[in-house]
>>> print(open('my_file-v6.cif').read())   # mmCIF, C-alpha atoms and all ligand atoms
data_input
#
loop_
_atom_site.label_atom_id
_atom_site.label_comp_id
_atom_site.auth_asym_id
_atom_site.auth_seq_id
_atom_site.Cartn_x
_atom_site.Cartn_y
_atom_site.Cartn_z
CA MET A 141 0.00 0.00 0.00
CA GLN A 142 1.32 3.39 -0.99
CA TYR A 143 0.66 6.82 0.42
CA THR A 144 1.95 10.37 0.02
CA LEU A 145 3.56 12.49 2.74
CA LYS A 146 2.05 15.90 3.37
CA LYS A 147 4.40 18.47 4.85
CA SER A 148 1.54 20.87 5.53
CA LEU A 149 0.08 18.34 7.99
CA GLY A 150 3.41 17.74 9.75
CA GLN A 151 3.66 14.25 8.31
CA HIS A 152 7.03 13.06 9.51
CA PHE A 153 6.44 9.38 10.10
CA LEU A 154 8.42 7.32 12.57
CA HIS A 155 10.18 4.44 10.90
CA ASP A 156 12.60 3.38 13.62
CA GLU A 157 10.77 0.45 15.17
CA ASN A 158 12.83 0.49 18.38
CA MET A 159 11.89 4.11 18.88
CA CYS A 160 8.19 3.37 18.21
CA ARG A 161 8.29 0.63 20.86
CA LYS A 162 10.19 2.85 23.27
CA ILE A 163 7.60 5.65 22.98
CA VAL A 164 4.62 3.31 23.37
CA SER A 165 6.19 1.68 26.44
CA GLN A 166 6.19 5.04 28.28
CA LEU A 167 2.40 4.93 28.68
CA LYS A 168 0.81 2.96 31.52
CA HIS A 169 -1.73 0.47 30.25
CA SER A 170 -4.20 -2.01 31.63
CA ALA A 171 -7.22 -3.94 30.38
CA GLY A 172 -10.28 -1.73 30.12
CA MET A 173 -8.35 1.52 29.71
CA ARG A 174 -9.47 4.09 27.16
CA LEU A 175 -6.91 5.50 24.77
CA LEU A 176 -6.94 8.33 22.24
CA GLU A 177 -4.23 8.41 19.59
CA ILE A 178 -3.77 11.80 17.94
CA GLY A 179 -2.48 11.74 14.35
CA PRO A 180 -1.81 8.01 13.82
CA GLY A 181 -0.58 8.69 10.27
CA ALA A 182 0.35 5.35 8.77
CA GLY A 183 0.16 3.57 12.12
CA ALA A 184 3.77 3.62 13.34
CA LEU A 185 2.66 3.66 16.98
CA THR A 186 -0.78 2.17 16.36
CA LYS A 187 0.43 -1.35 15.63
CA TYR A 188 2.11 -1.56 19.05
CA LEU A 189 -0.84 0.01 20.86
CA LEU A 190 -3.14 -2.62 19.40
CA GLU A 191 -1.06 -5.36 21.02
CA TRP A 192 -2.50 -4.24 24.36
CA GLU A 193 -5.41 -6.44 25.25
CA GLY A 194 -8.83 -5.15 26.21
CA ILE A 195 -8.24 -1.46 25.56
CA GLU A 196 -10.88 0.88 24.20
CA TYR A 197 -9.08 2.67 21.36
CA ILE A 198 -9.98 5.74 19.30
CA ALA A 199 -7.75 7.53 16.81
CA ILE A 200 -8.22 10.96 15.29
CA GLU A 201 -6.59 11.71 11.97
CA ILE A 202 -7.33 14.69 9.70
CA ASP A 203 -5.94 13.26 6.46
CA ASN A 204 -8.48 11.22 4.49
CA GLU A 205 -5.75 9.32 2.65
CA LYS A 206 -4.22 8.12 5.93
CA VAL A 207 -7.62 7.26 7.39
CA GLU A 208 -8.35 5.01 4.41
CA TYR A 209 -4.89 3.51 4.62
CA LEU A 210 -5.34 2.74 8.34
CA ARG A 211 -8.78 1.19 7.81
CA LYS A 212 -7.27 -1.23 5.31
CA ALA A 213 -4.13 -1.94 7.27
CA PHE A 214 -5.93 -2.38 10.62
CA PRO A 215 -9.43 -3.73 9.89
CA ALA A 216 -10.01 -4.45 13.58
CA ILE A 217 -10.14 -0.71 14.34
CA LYS A 218 -11.73 0.54 11.13
CA ASP A 219 -14.68 2.00 13.03
CA LYS A 220 -12.46 3.55 15.67
CA ILE A 221 -10.70 6.01 13.40
CA ILE A 222 -12.32 9.42 13.34
CA GLU A 223 -11.53 11.58 10.34
CA LYS A 224 -11.44 15.04 11.87
CA ASP A 225 -9.30 17.93 13.04
CA ILE A 226 -8.26 17.22 16.64
CA LEU A 227 -8.93 20.85 17.47
CA LYS A 228 -12.59 20.38 16.53
CA LEU A 229 -13.04 17.17 18.48
CA THR A 230 -15.33 17.11 21.50
CA ILE A 231 -14.24 14.91 24.39
CA PRO A 232 -14.09 11.41 22.88
CA PHE A 233 -14.88 9.25 25.92
CA ASP A 234 -17.03 9.18 29.02
CA GLY A 235 -14.73 8.58 31.97
CA SER A 236 -10.97 8.80 32.16
CA PHE A 237 -8.65 8.15 29.23
CA SER A 238 -5.01 8.47 28.18
CA VAL A 239 -3.57 10.19 25.13
CA ILE A 240 -0.65 9.28 22.90
CA GLY A 241 0.74 10.70 19.68
CA ASN A 242 3.56 12.00 17.61
CA PHE A 243 1.84 15.36 17.48
CA PRO A 244 1.77 17.65 14.45
CA TYR A 245 4.26 20.27 15.67
CA ASN A 246 2.47 23.26 14.18
CA ILE A 247 -0.52 22.76 16.49
CA SER A 248 1.18 21.51 19.64
CA SER A 249 0.08 24.48 21.78
CA PRO A 250 -3.62 24.21 20.88
CA ILE A 251 -3.40 20.44 21.46
CA LEU A 252 -2.04 21.13 24.95
CA PHE A 253 -4.88 23.59 25.62
CA LYS A 254 -7.32 20.88 24.51
CA ILE A 255 -5.71 18.47 26.96
CA LEU A 256 -5.98 21.12 29.66
CA GLU A 257 -9.68 21.54 28.89
CA TRP A 258 -10.21 17.77 29.10
CA GLU A 259 -7.88 17.47 32.10
CA PRO A 260 -10.40 16.13 34.65
CA GLN A 261 -10.66 13.00 32.46
CA VAL A 262 -7.09 12.79 31.12
CA GLU A 263 -5.10 10.27 33.13
CA GLU A 264 -1.78 10.30 31.27
CA VAL A 265 -0.31 11.74 28.07
CA VAL A 266 2.76 10.54 26.19
CA GLY A 267 3.48 12.86 23.32
CA MET A 268 6.20 13.81 20.91
CA PHE A 269 6.85 17.50 20.43
CA GLN A 270 9.41 19.76 18.90
CA LYS A 271 12.22 19.50 21.47
CA GLU A 272 12.18 23.21 22.42
CA VAL A 273 8.45 23.06 23.08
CA ALA A 274 8.80 19.93 25.21
CA LEU A 275 11.63 21.51 27.24
CA ARG A 276 9.58 24.67 27.66
CA ILE A 277 6.60 22.77 29.09
CA ALA A 278 8.92 20.98 31.53
CA SER A 279 10.89 24.08 32.59
CA GLY A 280 10.65 25.92 35.90
CA PRO A 281 10.78 29.52 37.16
CA GLY A 282 13.90 31.50 36.35
CA SER A 283 14.33 29.81 32.99
CA LYS A 284 14.05 31.96 29.89
CA VAL A 285 11.72 29.44 28.27
CA TYR A 286 9.36 29.13 31.26
CA GLY A 287 5.98 30.36 30.09
CA ILE A 288 2.20 30.06 29.97
CA LEU A 289 2.05 26.37 29.11
CA SER A 290 4.75 25.45 31.64
CA VAL A 291 2.68 26.91 34.47
CA LEU A 292 -0.69 25.67 33.22
CA MET A 293 0.38 22.10 32.50
CA GLN A 294 2.42 21.82 35.72
CA ALA A 295 -0.54 23.11 37.76
CA PHE A 296 -2.41 19.94 36.83
CA PHE A 297 0.16 17.37 35.66
CA LYS A 298 3.51 15.97 36.67
CA VAL A 299 5.57 16.88 33.60
CA GLU A 300 8.56 14.73 32.63
CA TYR A 301 10.88 15.26 29.68
CA LEU A 302 11.67 11.65 28.81
CA PHE A 303 14.15 11.60 25.92
CA ASP A 304 15.21 13.10 22.58
CA VAL A 305 14.20 11.46 19.30
CA HIS A 306 16.81 11.73 16.58
CA GLU A 307 15.83 13.19 13.19
CA ASN A 308 16.81 9.96 11.46
CA CYS A 309 14.05 8.08 13.25
CA PHE A 310 11.58 9.82 10.88
CA ILE A 311 10.77 9.80 7.19
CA PRO A 312 11.31 12.48 6.06
CA PRO A 313 13.65 13.73 8.84
CA PRO A 314 12.26 16.94 10.33
CA LYS A 315 14.41 20.08 10.34
CA VAL A 316 13.78 20.58 14.06
CA LYS A 317 14.74 18.43 17.02
CA SER A 318 12.17 16.25 18.76
CA GLY A 319 11.53 15.08 22.30
CA VAL A 320 9.00 13.02 24.21
CA LEU A 321 7.05 14.26 27.22
CA ARG A 322 4.94 12.43 29.74
CA LEU A 323 2.16 14.23 31.60
CA SER A 324 0.65 12.38 34.57
CA ASN A 325 -2.53 13.82 36.05
CA LEU A 326 -2.08 15.00 39.64
CA HIS A 327 -5.84 15.43 40.02
CA ASP A 328 -6.04 19.11 40.78
CA PRO A 329 -3.43 19.30 43.56
CA PHE A 330 -4.09 23.05 44.04
CA SER A 331 -7.90 22.80 43.99
CA ILE A 332 -8.29 25.34 41.21
CA GLU A 333 -12.06 25.82 41.02
CA ASP A 334 -12.25 28.29 38.17
CA LYS A 335 -9.74 27.11 35.61
CA ARG A 336 -10.73 29.85 33.18
CA LYS A 337 -9.77 32.59 35.65
CA PHE A 338 -6.48 30.88 36.48
CA ILE A 339 -5.63 30.56 32.78
CA ASN A 340 -6.45 34.22 32.25
CA LEU A 341 -4.16 35.24 35.12
CA VAL A 342 -1.21 33.25 33.81
CA LYS A 343 -1.73 34.42 30.21
CA THR A 344 -2.03 38.07 31.26
CA ALA A 345 1.11 37.87 33.41
CA PHE A 346 3.22 36.34 30.62
CA ASN A 347 1.82 38.40 27.78
CA GLN A 348 3.95 41.24 29.04
CA ARG A 349 6.69 39.11 30.47
CA ARG A 350 9.28 41.86 30.71
CA LYS A 351 7.03 44.05 32.83
CA THR A 352 6.58 43.69 36.57
CA LEU A 353 3.43 41.88 37.59
CA ARG A 354 2.19 45.20 38.99
CA ASN A 355 2.05 46.58 35.45
CA ALA A 356 1.13 43.39 33.66
CA LEU A 357 -1.78 42.53 35.98
CA ARG A 358 -3.15 46.05 36.55
CA GLY A 359 -6.23 45.34 34.46
CA ILE A 360 -7.33 42.19 36.29
CA LEU A 361 -6.34 42.57 39.96
CA PRO A 362 -7.83 44.84 42.64
CA ALA A 363 -5.77 47.84 43.82
CA ASP A 364 -4.76 46.28 47.17
CA ALA A 365 -3.28 43.26 45.40
CA LEU A 366 -1.04 45.51 43.33
CA LEU A 367 0.61 46.88 46.49
CA LYS A 368 2.08 43.51 47.48
CA SER A 369 5.84 43.05 47.16
CA ILE A 370 5.41 39.97 44.96
CA MET A 371 4.12 42.41 42.31
CA ASP A 372 7.69 43.75 41.93
CA LYS A 373 8.55 40.45 40.24
CA ARG A 374 8.09 39.37 36.64
CA ALA A 375 5.96 36.41 35.58
CA GLU A 376 8.94 34.17 34.85
CA GLN A 377 10.12 34.48 38.48
CA LEU A 378 6.91 33.00 39.92
CA SER A 379 6.43 29.34 40.76
CA VAL A 380 3.21 27.52 39.94
CA ALA A 381 2.31 27.79 43.65
CA ASP A 382 2.86 31.58 43.53
CA PHE A 383 0.41 31.90 40.65
CA VAL A 384 -2.08 29.75 42.53
CA SER A 385 -1.79 31.97 45.65
CA ILE A 386 -2.50 35.12 43.63
CA TYR A 387 -5.47 33.43 41.96
CA LYS A 388 -6.84 32.18 45.30
CA GLU A 389 -6.40 35.45 47.14
CA TYR A 390 -7.78 37.80 44.52
CA LEU A 391 -9.58 36.06 41.68
CA LYS A 392 -11.44 33.09 43.06
N1 LIG B 1 1.96 8.90 14.49
C1 LIG B 1 2.50 8.86 13.14
C2 LIG B 1 2.32 10.17 12.37
C3 LIG B 1 2.84 11.42 13.01
S1 LIG B 1 2.84 12.83 11.93
C4 LIG B 1 3.97 8.49 13.21
O1 LIG B 1 4.57 8.65 14.28
O2 LIG B 1 4.52 8.02 12.22
C5 LIG B 1 1.45 13.74 12.52
C6 LIG B 1 0.09 13.19 12.08
O3 LIG B 1 -0.92 14.08 12.55
C7 LIG B 1 -0.09 13.10 10.57
O4 LIG B 1 -0.60 11.83 10.23
C8 LIG B 1 -1.10 14.20 10.24
O5 LIG B 1 -1.92 13.91 9.11
C9 LIG B 1 -1.90 14.28 11.51
N2 LIG B 1 -2.52 15.59 11.75
C10 LIG B 1 -2.03 16.82 11.39
N3 LIG B 1 -2.87 17.79 11.78
C11 LIG B 1 -3.91 17.17 12.41
C12 LIG B 1 -5.11 17.66 13.02
N4 LIG B 1 -5.39 18.95 13.09
N5 LIG B 1 -5.97 16.75 13.56
C13 LIG B 1 -5.70 15.42 13.50
N6 LIG B 1 -4.57 14.90 12.93
C14 LIG B 1 -3.70 15.77 12.38
#
>>> encode(input="my_file-v6.cif", output="structure tokens", more="lines below")
Ligand code: SAH
Amino acid sequence: MQYTLKKSLGQHFLHDENMCRKIVSQLKHSAGMRLLEIGPGAGALTKYLLEWEGIEYIAIEIDNEKVEYLRKAFPAIKDKIIEKDILKLTIPFDGSFSVIGNFPYNISSPILFKILEWEPQVEEVVGMFQKEVALRIASGPGSKVYGILSVLMQAFFKVEYLFDVHENCFIPPPKVKSGVLRLSNLHDPFSIEDKRKFINLVKTAFNQRRKTLRNALRGILPADALLKSIMDKRAEQLSVADFVSIYKEYLK
């Protein structure tokens, strides 16, 4: 069976079988679990996922050619492949599920926001990202790359940078470096009741990351909050817990 490779859809397919196995083995699995694969492509990871017994599997792939290819190559899951843009997908399962994928790099941030939205039901995520993006999500305060998604993902998940994936593991080799992340749900360790408000706080603080928080947050915090000494700092100096304290004290 032949297929084309579409650059516009980030189609860099894994062809190093050891690497495919290594990535798949990073996800916890057990009979009865639900699993969403994002962007299965030609099934590099899929064939190993389907070796797991008793899992409830759904894949979402935007490219009609790959969907048809997968349905022929894996008849057992032909009804489990949804042809759709992941960003337009509503939550695919009732109850908790895990997510795996070699994500299309051009939409990795919106995919992470989707995962954040579905977070109460997302048990674990193993995903491949552009290496810089993966390192950014895993980074902490004081780092130049620490940003909105680092704080938001770490507020809900344990974030682990697992390993690099060499360009030669893909056909065609991407021009950027790649890395694999694991996110394990911590089940709302900070008891953030209004996620939308928390997200808005973190986004507003980082949108003007060179300003002090006093200036960056002027529009969304009450006057007394702006007098606090923590407001002399910049967003990148605050830990996840610091952001949570500001949210709890003034925005809840
Ligand atoms: N998992 C495969 C393919 C990874 S490439 C492998 O490792 O070999 C990324 C895949 O995501 C491609 O198959 C591409 O068609 C698909 N994709 C790109 N944008 C998408 C979107 N918005 N929604 C769903 N799938 C998408």
>>> residues_around(input="my_file-v6.cif", residues="Leu175 (chain A)", least_positions_apart="4", cutoff="10 Å", atoms="all atoms listed in the file", output="JSON, numbers by chain")
{"A": [169, 189, 195, 196, 197, 198, 199, 232, 233, 236, 237, 238, 239, 240, 262, 263, 264, 265]}
>>> residues_near_ligand(input="my_file-v6.cif", ligand="ligand LIG 1 (chain B)", cutoff="7 Å", atoms="only C-alpha atoms and all ligand atoms", output="CSV table (one decimal) with C-alpha atoms, in the frame of the given file")
chain,number,residue,atom,x,y,z
A,149,LEU,CA,0.1,18.3,8.0
A,150,GLY,CA,3.4,17.7,9.8
A,151,GLN,CA,3.7,14.2,8.3
A,152,HIS,CA,7.0,13.1,9.5
A,153,PHE,CA,6.4,9.4,10.1
A,154,LEU,CA,8.4,7.3,12.6
A,155,HIS,CA,10.2,4.4,10.9
A,178,ILE,CA,-3.8,11.8,17.9
A,179,GLY,CA,-2.5,11.7,14.4
A,180,PRO,CA,-1.8,8.0,13.8
A,181,GLY,CA,-0.6,8.7,10.3
A,182,ALA,CA,0.4,5.4,8.8
A,183,GLY,CA,0.2,3.6,12.1
A,184,ALA,CA,3.8,3.6,13.3
A,185,LEU,CA,2.7,3.7,17.0
A,200,ILE,CA,-8.2,11.0,15.3
A,201,GLU,CA,-6.6,11.7,12.0
A,202,ILE,CA,-7.3,14.7,9.7
A,203,ASP,CA,-5.9,13.3,6.5
A,206,LYS,CA,-4.2,8.1,5.9
A,224,LYS,CA,-11.4,15.0,11.9
A,225,ASP,CA,-9.3,17.9,13.0
A,226,ILE,CA,-8.3,17.2,16.6
A,227,LEU,CA,-8.9,20.8,17.5
A,241,GLY,CA,0.7,10.7,19.7
A,242,ASN,CA,3.6,12.0,17.6
A,243,PHE,CA,1.8,15.4,17.5
A,244,PRO,CA,1.8,17.6,14.4
>>> residues_around(input="my_file-v6.cif", residues="Ser318 (chain A)", least_positions_apart="5", cutoff="6 Å", atoms="all atoms listed in the file", output="list in words")
Phe269, Gln270, Lys271, Asp304 and Val305 of chain A
>>> atom_distance(input="my_file-v6.cif", atom1="CA of Leu210 (chain A)", atom2="CA of Leu302 (chain A)")
28.1 Å
>>> axis_aligned_box(input="my_file-v6.cif", around="region 282-291 of chain A", padding_each_side="8 Å", output="AutoDock Vina command-line options")
--center_x 8.2 --center_y 28.7 --center_z 32.3 --size_x 28.3 --size_y 22.5 --size_z 24.1
>>> closest_residue(input="my_file-v6.cif", among="A:Lys254, A:Lys351, A:His327, A:Arg374", to="Pro281 (chain A)", atoms="only C-alpha atoms")
A:Arg374
>>> residues_around(input="my_file-v6.cif", residues="Leu353 (chain A)", least_positions_apart="2", cutoff="8 Å", atoms="all atoms listed in the file", output="short mmCIF file (atom, residue, chain, number, x, y, z; two decimals) with C-alpha atoms, in the coordinates of the input")
data_model
loop_
_atom_site.label_atom_id
_atom_site.label_comp_id
_atom_site.auth_asym_id
_atom_site.auth_seq_id
_atom_site.Cartn_x
_atom_site.Cartn_y
_atom_site.Cartn_z
CA ALA A 345 1.11 37.87 33.41
CA LYS A 351 7.03 44.05 32.83
CA ASN A 355 2.05 46.58 35.45
CA ALA A 356 1.13 43.39 33.66
CA LEU A 357 -1.78 42.53 35.98
CA ARG A 358 -3.15 46.05 36.55
CA ILE A 370 5.41 39.97 44.96
CA MET A 371 4.12 42.41 42.31
CA ASP A 372 7.69 43.75 41.93
CA LYS A 373 8.55 40.45 40.24
CA ARG A 374 8.09 39.37 36.64
CA ALA A 375 5.96 36.41 35.58
#
>>> atom_distance(input="my_file-v6.cif", atom1="CA of Val380 (chain A)", atom2="CA of Val342 (chain A)")
9.5 Å
>>> closest_residue(input="my_file-v6.cif", among="A:Leu367, A:Ile221, A:Leu378, A:Leu229", to="Ser290 (chain A)", atoms="only C-alpha atoms")
A:Leu378
>>> atom_distance(input="my_file-v6.cif", atom1="CA of Tyr143 (chain A)", atom2="CA of Glu208 (chain A)")
10.0 Å
>>> residues_near_point(input="my_file-v6.cif", point="(-0.8, -1.5, -0.4)", cutoff="10 Å", atoms="only C-alpha atoms", output="list in words")
Met141, Gln142, Tyr143, Tyr209, Lys212 and Ala213 of chain A
>>> residues_around(input="my_file-v6.cif", residues="Gly359 (chain A)", least_positions_apart="6", cutoff="12 Å", atoms="only C-alpha atoms", output="VMD selection string")
chain A and resid 340 to 341 344 to 345 353 365 to 366
>>> write_last_selection(input="my_file-v6.cif", atoms="C-alpha atoms", output="CSV table (one decimal), keeping the file's coordinate frame")
chain,number,residue,atom,x,y,z
A,340,ASN,CA,-6.4,34.2,32.2
A,341,LEU,CA,-4.2,35.2,35.1
A,344,THR,CA,-2.0,38.1,31.3
A,345,ALA,CA,1.1,37.9,33.4
A,353,LEU,CA,3.4,41.9,37.6
A,365,ALA,CA,-3.3,43.3,45.4
A,366,LEU,CA,-1.0,45.5,43.3
>>> residues_around(input="my_file-v6.cif", residues="Glu193 (chain A)", least_positions_apart="4", cutoff="9 Å", atoms="all atoms listed in the file", output="PDB file with C-alpha atoms, in the coordinates of the input")
ATOM      1  CA  SER A 170      -4.200  -2.010  31.630  1.00  0.00           C
ATOM      2  CA  ALA A 171      -7.220  -3.940  30.380  1.00  0.00           C
ATOM      3  CA  GLY A 172     -10.280  -1.730  30.120  1.00  0.00           C
TER       4      GLY A 172
END
>>> closest_residue(input="my_file-v6.cif", among="A:Met173, A:Asp156, A:Pro260, A:Glu376", to="Lys284 (chain A)", atoms="all atoms listed in the file")
A:Glu376
>>> closest_residue(input="my_file-v6.cif", among="A:Leu323, A:Leu190, A:Asn204, A:Lys228", to="Ala216 (chain A)", atoms="only C-alpha atoms")
A:Leu190
